[in-house]
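Next comes work-v8.cif, with mmCIF, C-alpha atoms.
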data_work
#
loop_
_atom_site.label_atom_id
_atom_site.label_comp_id
_atom_site.auth_asym_id
_atom_site.auth_seq_id
_atom_site.Cartn_x
_atom_site.Cartn_y
_atom_site.Cartn_z
CA MET G 1 -40.22 -103.40 -158.31
CA SER G 2 -42.19 -103.15 -161.55
CA PRO G 3 -45.97 -103.31 -161.72
CA VAL G 4 -47.55 -106.60 -162.70
CA ASP G 5 -48.96 -106.46 -166.24
CA ARG G 6 -52.45 -107.95 -166.33
CA PRO G 7 -54.34 -107.04 -169.50
CA PHE G 8 -58.13 -106.77 -169.26
CA ALA G 9 -58.64 -110.00 -171.20
CA SER G 10 -56.56 -111.92 -168.67
CA LEU G 11 -58.69 -110.90 -165.70
CA ALA G 12 -61.50 -112.99 -164.23
CA VAL G 13 -64.10 -112.42 -161.56
CA GLY G 14 -62.78 -113.91 -158.32
CA GLN G 15 -59.13 -113.33 -159.22
CA SER G 16 -57.22 -111.90 -156.28
CA ASP G 17 -53.87 -110.67 -155.12
CA ALA G 18 -52.46 -109.31 -151.88
CA PHE G 19 -49.40 -107.91 -150.20
CA THR G 20 -48.31 -107.27 -146.62
CA HIS G 21 -46.93 -104.00 -145.32
CA LEU G 22 -45.43 -103.42 -141.87
CA VAL G 23 -46.48 -99.93 -140.79
CA THR G 24 -43.55 -97.97 -139.39
CA GLN G 25 -43.16 -94.71 -137.51
CA GLU G 26 -41.41 -93.38 -140.60
CA ASP G 27 -44.50 -94.19 -142.71
CA LEU G 28 -46.64 -92.17 -140.34
CA ALA G 29 -44.22 -89.24 -140.28
CA ARG G 30 -43.98 -89.20 -144.07
CA PHE G 31 -47.74 -89.36 -144.44
CA VAL G 32 -48.09 -86.39 -142.06
CA GLU G 33 -45.60 -84.49 -144.21
CA VAL G 34 -47.23 -85.36 -147.53
CA SER G 35 -50.87 -84.97 -146.48
CA GLY G 36 -50.40 -82.12 -144.02
CA ASP G 37 -52.64 -83.98 -141.55
CA ALA G 38 -50.78 -83.59 -138.27
CA ASN G 39 -53.84 -84.18 -136.11
CA PRO G 40 -52.58 -85.23 -132.64
CA LEU G 41 -54.65 -88.41 -132.77
CA HIS G 42 -51.95 -89.61 -135.15
CA THR G 43 -48.90 -87.88 -133.74
CA ASP G 44 -49.25 -87.20 -130.00
CA ALA G 45 -49.28 -90.16 -127.60
CA ASN G 46 -50.39 -88.00 -124.67
CA TYR G 47 -53.34 -86.64 -126.61
CA ALA G 48 -54.26 -90.06 -128.01
CA ALA G 49 -54.15 -91.56 -124.50
CA ARG G 50 -57.05 -89.31 -123.52
CA THR G 51 -59.21 -90.57 -126.39
CA ASP G 52 -61.12 -93.81 -126.89
CA PHE G 53 -58.20 -95.08 -128.96
CA LYS G 54 -55.67 -94.82 -126.07
CA GLN G 55 -52.74 -94.62 -128.49
CA PRO G 56 -51.95 -92.90 -131.80
CA ILE G 57 -53.61 -94.45 -134.80
CA VAL G 58 -52.54 -94.61 -138.43
CA HIS G 59 -54.38 -92.30 -140.82
CA GLY G 60 -57.21 -94.06 -142.62
CA MET G 61 -56.03 -92.60 -145.88
CA PHE G 62 -52.62 -94.15 -145.36
CA LEU G 63 -54.48 -97.41 -145.83
CA GLY G 64 -56.10 -95.76 -148.84
CA ALA G 65 -52.64 -95.13 -150.20
CA LEU G 66 -51.83 -98.81 -149.79
CA VAL G 67 -54.92 -99.56 -151.87
CA SER G 68 -53.36 -97.37 -154.55
CA ARG G 69 -50.30 -99.62 -154.39
CA LEU G 70 -52.53 -102.71 -154.69
CA ILE G 71 -54.16 -101.35 -157.83
CA GLY G 72 -51.12 -99.81 -159.46
CA MET G 73 -48.64 -102.57 -158.73
CA TYR G 74 -50.51 -105.84 -158.19
CA LEU G 75 -54.12 -105.98 -159.38
CA PRO G 76 -54.55 -105.09 -162.19
CA GLY G 77 -51.12 -103.40 -162.07
CA LEU G 78 -49.68 -101.75 -165.18
CA HIS G 79 -52.17 -99.67 -167.24
CA SER G 80 -54.47 -99.08 -164.23
CA VAL G 81 -56.17 -95.78 -163.52
CA LEU G 82 -58.01 -95.53 -160.22
CA LEU G 83 -61.39 -93.85 -160.81
CA LYS G 84 -63.18 -94.35 -157.52
CA GLU G 85 -62.21 -95.62 -154.08
CA GLU G 86 -64.63 -96.26 -151.26
CA LEU G 87 -63.26 -97.45 -147.93
CA ALA G 88 -64.81 -97.98 -144.52
CA PHE G 89 -62.39 -97.92 -141.59
CA LEU G 90 -63.62 -100.48 -139.10
CA GLN G 91 -60.77 -100.82 -136.62
CA PRO G 92 -57.75 -98.67 -135.74
CA VAL G 93 -54.32 -99.55 -137.09
CA HIS G 94 -51.14 -98.76 -135.15
CA VAL G 95 -47.48 -98.39 -135.95
CA GLY G 96 -45.76 -101.76 -135.77
CA GLU G 97 -48.71 -103.71 -137.13
CA ALA G 98 -48.50 -105.68 -140.38
CA VAL G 99 -51.46 -104.97 -142.63
CA VAL G 100 -52.50 -107.35 -145.37
CA VAL G 101 -54.04 -105.53 -148.34
CA ARG G 102 -56.09 -107.86 -150.50
CA GLY G 103 -58.12 -107.23 -153.63
CA GLU G 104 -60.54 -109.50 -155.46
CA VAL G 105 -62.07 -108.79 -158.86
CA SER G 106 -65.84 -108.56 -158.39
CA GLN G 107 -66.95 -107.17 -161.76
CA LEU G 108 -65.54 -106.72 -165.25
CA SER G 109 -67.08 -104.34 -167.77
CA GLN G 110 -65.79 -105.13 -171.22
CA ALA G 111 -67.34 -102.09 -172.91
CA THR G 112 -65.77 -99.61 -170.52
CA GLN G 113 -62.65 -101.60 -169.60
CA LEU G 114 -63.61 -101.06 -165.98
CA VAL G 115 -62.61 -103.47 -163.24
CA VAL G 116 -64.41 -103.36 -159.91
CA ILE G 117 -62.30 -104.74 -157.09
CA ALA G 118 -63.41 -105.57 -153.57
CA VAL G 119 -60.72 -104.57 -151.08
CA ASN G 120 -60.11 -106.02 -147.65
CA ILE G 121 -57.39 -104.78 -145.31
CA SER G 122 -56.64 -106.87 -142.26
CA VAL G 123 -54.32 -107.15 -139.28
CA GLU G 124 -53.80 -110.63 -137.87
CA GLU G 125 -56.76 -111.85 -139.96
CA GLN G 126 -59.13 -109.25 -138.49
CA THR G 127 -60.59 -106.87 -141.05
CA VAL G 128 -59.64 -103.27 -140.25
CA ALA G 129 -60.95 -101.67 -143.45
CA ARG G 130 -62.87 -102.76 -146.48
CA GLY G 131 -64.29 -101.21 -149.58
CA MET G 132 -64.56 -101.13 -153.32
CA VAL G 133 -62.55 -99.53 -156.09
CA HIS G 134 -63.34 -98.84 -159.73
CA VAL G 135 -60.29 -99.08 -161.97
CA ARG G 136 -59.99 -98.42 -165.67
CA LEU G 137 -57.43 -100.24 -167.75
CA LEU G 138 -55.83 -98.08 -170.41
CA ALA G 139 -55.36 -99.57 -173.86
CA MET K 9 -81.40 -100.39 -157.56
CA THR K 10 -83.67 -99.14 -160.32
CA PHE K 11 -82.50 -97.39 -163.45
CA ASN K 12 -83.76 -94.06 -162.14
CA GLN K 13 -82.05 -94.57 -158.77
CA LEU K 14 -78.73 -95.26 -160.48
CA ALA K 15 -79.23 -92.32 -162.85
CA SER K 16 -80.08 -90.11 -159.90
CA ARG K 17 -76.83 -91.08 -158.19
CA PHE K 18 -74.81 -90.59 -161.37
CA LEU K 19 -76.30 -87.23 -162.28
CA LYS K 20 -76.72 -85.99 -158.70
CA LEU K 21 -80.33 -85.13 -159.43
CA PRO K 22 -83.50 -86.10 -157.55
CA GLU K 23 -85.20 -89.13 -159.06
CA ASP K 24 -88.24 -87.08 -160.10
CA GLN K 25 -85.97 -84.96 -162.32
CA ILE K 26 -84.58 -87.90 -164.28
CA ARG K 27 -85.77 -87.55 -167.86
CA ASP K 28 -84.79 -89.52 -170.94
CA GLU K 29 -83.89 -86.30 -172.76
CA LEU K 30 -81.06 -85.41 -170.35
CA THR K 31 -77.71 -85.06 -172.12
CA PRO K 32 -74.17 -84.21 -170.97
CA GLN K 33 -74.88 -80.60 -171.91
CA ASP K 34 -77.63 -80.46 -169.28
CA ILE K 35 -75.63 -81.95 -166.43
CA PRO K 36 -72.33 -80.55 -165.08
CA ASP K 37 -71.53 -83.84 -163.30
CA TRP K 38 -71.85 -85.89 -166.51
CA ASP K 39 -68.12 -86.32 -167.00
CA SER K 40 -66.50 -89.16 -168.85
CA MET K 41 -65.17 -91.02 -165.81
CA ASN K 42 -68.46 -90.83 -163.94
CA TYR K 43 -70.21 -92.04 -167.07
CA LEU K 44 -68.03 -95.16 -167.22
CA ILE K 45 -68.79 -95.96 -163.60
CA PHE K 46 -72.52 -95.44 -164.32
CA ILE K 47 -72.30 -97.90 -167.22
CA ALA K 48 -70.58 -100.49 -165.03
CA ASP K 49 -73.21 -99.96 -162.31
CA LEU K 50 -76.02 -100.50 -164.84
CA GLU K 51 -74.36 -103.67 -166.11
CA LYS K 52 -74.16 -105.02 -162.59
CA ALA K 53 -77.67 -103.98 -161.56
CA PHE K 54 -79.34 -105.47 -164.65
CA ASN K 55 -76.87 -108.31 -165.26
CA VAL K 56 -76.21 -107.26 -168.84
CA SER K 57 -73.23 -106.17 -170.92
CA PHE K 58 -73.17 -103.12 -173.12
CA SER K 59 -71.24 -103.03 -176.37
CA MET K 60 -68.60 -100.40 -176.95
CA ASP K 61 -70.87 -98.85 -179.63
CA GLU K 62 -73.74 -98.53 -177.17
CA VAL K 63 -71.50 -96.84 -174.62
CA VAL K 64 -69.94 -94.43 -177.09
CA ASN K 65 -73.06 -93.63 -179.10
CA ALA K 66 -75.48 -93.01 -176.24
CA LYS K 67 -76.33 -89.33 -176.47
CA CYS K 68 -78.85 -89.10 -173.65
CA ILE K 69 -80.21 -91.03 -170.70
CA GLY K 70 -83.00 -92.41 -172.87
CA ASP K 71 -80.51 -94.09 -175.20
CA LEU K 72 -79.17 -96.14 -172.30
CA ARG K 73 -82.67 -96.98 -171.11
CA THR K 74 -83.54 -98.11 -174.64
CA ALA K 75 -80.39 -100.23 -174.88
CA LEU K 76 -81.19 -101.89 -171.57
CA ALA K 77 -84.77 -102.55 -172.57
CA ALA K 78 -83.52 -104.17 -175.79
CA LYS K 79 -81.53 -106.58 -173.63
CA GLY K 80 -84.66 -107.53 -171.71
CA ALA K 81 -84.01 -105.42 -168.64
CA ALA K 82 -87.05 -104.08 -166.80
CA VAL K 83 -86.36 -100.36 -166.92
#
Rewrite the structure of this file - the entire thing - as structure tokens.
Amino acid sequence: MSPVDRPFASLAVGQSDAFTHLVTQEDLARFVEVSGDANPLHTDANYAARTDFKQPIVHGMFLGALVSRLIGMYLPGLHSVLLKEELAFLQPVHVGEAVVVRGEVSQLSQATQLVVIAVNISVEEQTVARGMVHVRLLA
Amino acid sequence: MTFNQLASRFLKLPEDQIRDELTPQDIPDWDSMNYLIFIADLEKAFNVSFSMDEVVNAKCIGDLRTALAAKGAAV
């Protein structure tokens, strides 16, 4: 898949895009390997069962990585550089759940070529994380 | 947020230390990417748009305050 090419001039406040990703056990294992975060809350069902979460949860920053995909591949896509990402993790996400990652342009700064995008991540229409990203479009 | 509140967040300085004379040479956190985010935050807070010249030619905090004031913003 190639990134969508949306030049700055083609963007408008309110414009949005989204994709769905089914979280797999392989995703979680690969994220543990790449990040080095093997905390048992993510990897050990027995440990997780003794916590408030009752079962292993997906790393919050795995969702952050999906936001990177949103920006780099969908909105704005090609020419994007992610400058700032703020995310609040509101609900746990588990392996086997399909997350919908949605972005909506909330601000455009012509002078700086910055795009501010509101991000909402949901599972079965319930928001599990939300936040804001600042993206610069390269000339 | 006020101009000084936004500048305080951008420069990671207490509000009472925000002075118009501050330049990138004074502030280690005044890097180019942070500066762009600061500009976008000012545009949103004061509902204005800067020109590319204003962004590039601002040499100190006071230059941005002056540019905002020229656009009618209460800074």
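The set of residues that the PyMOL selection byres ((chain K and resi 18) around 10) takes from this file is Asn12, Gln13, Leu14, Ala15, Ser16, Arg17, Leu19, Lys20, Leu21, Asp37, Trp38, Asp39, Asn42, Tyr43, Ile45, Phe46, Ile47 and Asp49 of chain K.
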Taking the file as shown, find all residues satisfying the PyMOL selection byres ((chain K) within 12 of (chain G)) and write them as a compact mmCIF listing (two decimals) with C-alpha atoms, in the frame of the given file.
# COMPACT_ATOMS: atom_id res chain seq x y z
CA ASP K 39 -68.12 -86.32 -167.00
CA SER K 40 -66.50 -89.16 -168.85
CA MET K 41 -65.17 -91.02 -165.81
CA ASN K 42 -68.46 -90.83 -163.94
CA TYR K 43 -70.21 -92.04 -167.07
CA LEU K 44 -68.03 -95.16 -167.22
CA ILE K 45 -68.79 -95.96 -163.60
CA PHE K 46 -72.52 -95.44 -164.32
CA ILE K 47 -72.30 -97.90 -167.22
CA ALA K 48 -70.58 -100.49 -165.03
CA ASP K 49 -73.21 -99.96 -162.31
CA LEU K 50 -76.02 -100.50 -164.84
CA GLU K 51 -74.36 -103.67 -166.11
CA LYS K 52 -74.16 -105.02 -162.59
CA ALA K 53 -77.67 -103.98 -161.56
CA ASN K 55 -76.87 -108.31 -165.26
CA VAL K 56 -76.21 -107.26 -168.84
CA SER K 57 -73.23 -106.17 -170.92
CA PHE K 58 -73.17 -103.12 -173.12
CA SER K 59 -71.24 -103.03 -176.37
CA MET K 60 -68.60 -100.40 -176.95
CA ASP K 61 -70.87 -98.85 -179.63
CA GLU K 62 -73.74 -98.53 -177.17
CA VAL K 63 -71.50 -96.84 -174.62
CA VAL K 64 -69.94 -94.43 -177.09
CA ASN K 65 -73.06 -93.63 -179.10
What's around Thr51 in chain G at 12 Å? Count only C-alpha atoms, leave out sequence neighbours fewer than 6 positions away in its own chain, and write the answer as a CSV table (one decimal) with C-alpha atoms, keeping the file's coordinate frame.
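Written file, around.csv:
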chain,number,residue,atom,x,y,z
G,40,PRO,CA,-52.6,-85.2,-132.6
G,41,LEU,CA,-54.6,-88.4,-132.8
G,42,HIS,CA,-52.0,-89.6,-135.2
G,44,ASP,CA,-49.2,-87.2,-130.0
G,45,ALA,CA,-49.3,-90.2,-127.6
G,57,ILE,CA,-53.6,-94.4,-134.8
Exercise for the section: Give as an MDAnalysis selection string every residue, naming chains and numbers as the document does, that has an atom within 6 Å of (-47.2, -100.8, -162.1), counting only C-alpha atoms. Expected result: chainID G and resid 2:4 72:73 77:78
On this file, the PyMOL selection byres ((chain G and resi 95) around 8) gives some set of residues; write that set as number ranges by chain. G: 23-25, 28, 57-58, 93-94, 96-97
Would you pick out the contacts of range 122-125 of chain G at 9 Å or less, using all atoms listed in the file, so that residues sharing its chain but fewer than 4 positions from it are not included, and give the list as a CSV table (one decimal) with C-alpha atoms, in the frame of the given file?
chain,number,residue,atom,x,y,z
G,93,VAL,CA,-54.3,-99.6,-137.1
G,97,GLU,CA,-48.7,-103.7,-137.1
G,98,ALA,CA,-48.5,-105.7,-140.4
G,99,VAL,CA,-51.5,-105.0,-142.6
G,100,VAL,CA,-52.5,-107.4,-145.4
G,101,VAL,CA,-54.0,-105.5,-148.3
G,102,ARG,CA,-56.1,-107.9,-150.5
G,129,ALA,CA,-61.0,-101.7,-143.4
G,130,ARG,CA,-62.9,-102.8,-146.5
Expressed in Å, the length from CA of Glu85 in chain G to CA of Ala38 in chain G is 22.9 Å
### Message
With only C-alpha atoms as the counted atoms, please give the residues lying no more than 12 Å from Asp5 in chain G, apart from itself and same-chain residues fewer than 3 positions off, as a PyMOL selection string.
### Response
chain G and resi 2+8-11+71-80+137-138
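Across the model, the gap from CA of Pro92 in chain G to CA of Gly14 in chain G is 27.7 Å.
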Item to check | Nearby residues, (-54.8, -86.5, -141.5) file frame, 12 Å, only C-alpha atoms, as an MDAnalysis selection string | outcome: chainID G and resid 28:43 56:64
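Residues within 7 Å of Ser16 in chain G, counting all atoms listed in the file and excluding same-chain residues fewer than 5 positions away, are Gly103, Glu104 and Val105 of chain G.
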re CA of Val128 in chain G and CA of Leu70 in chain G: distance 16.1 Å
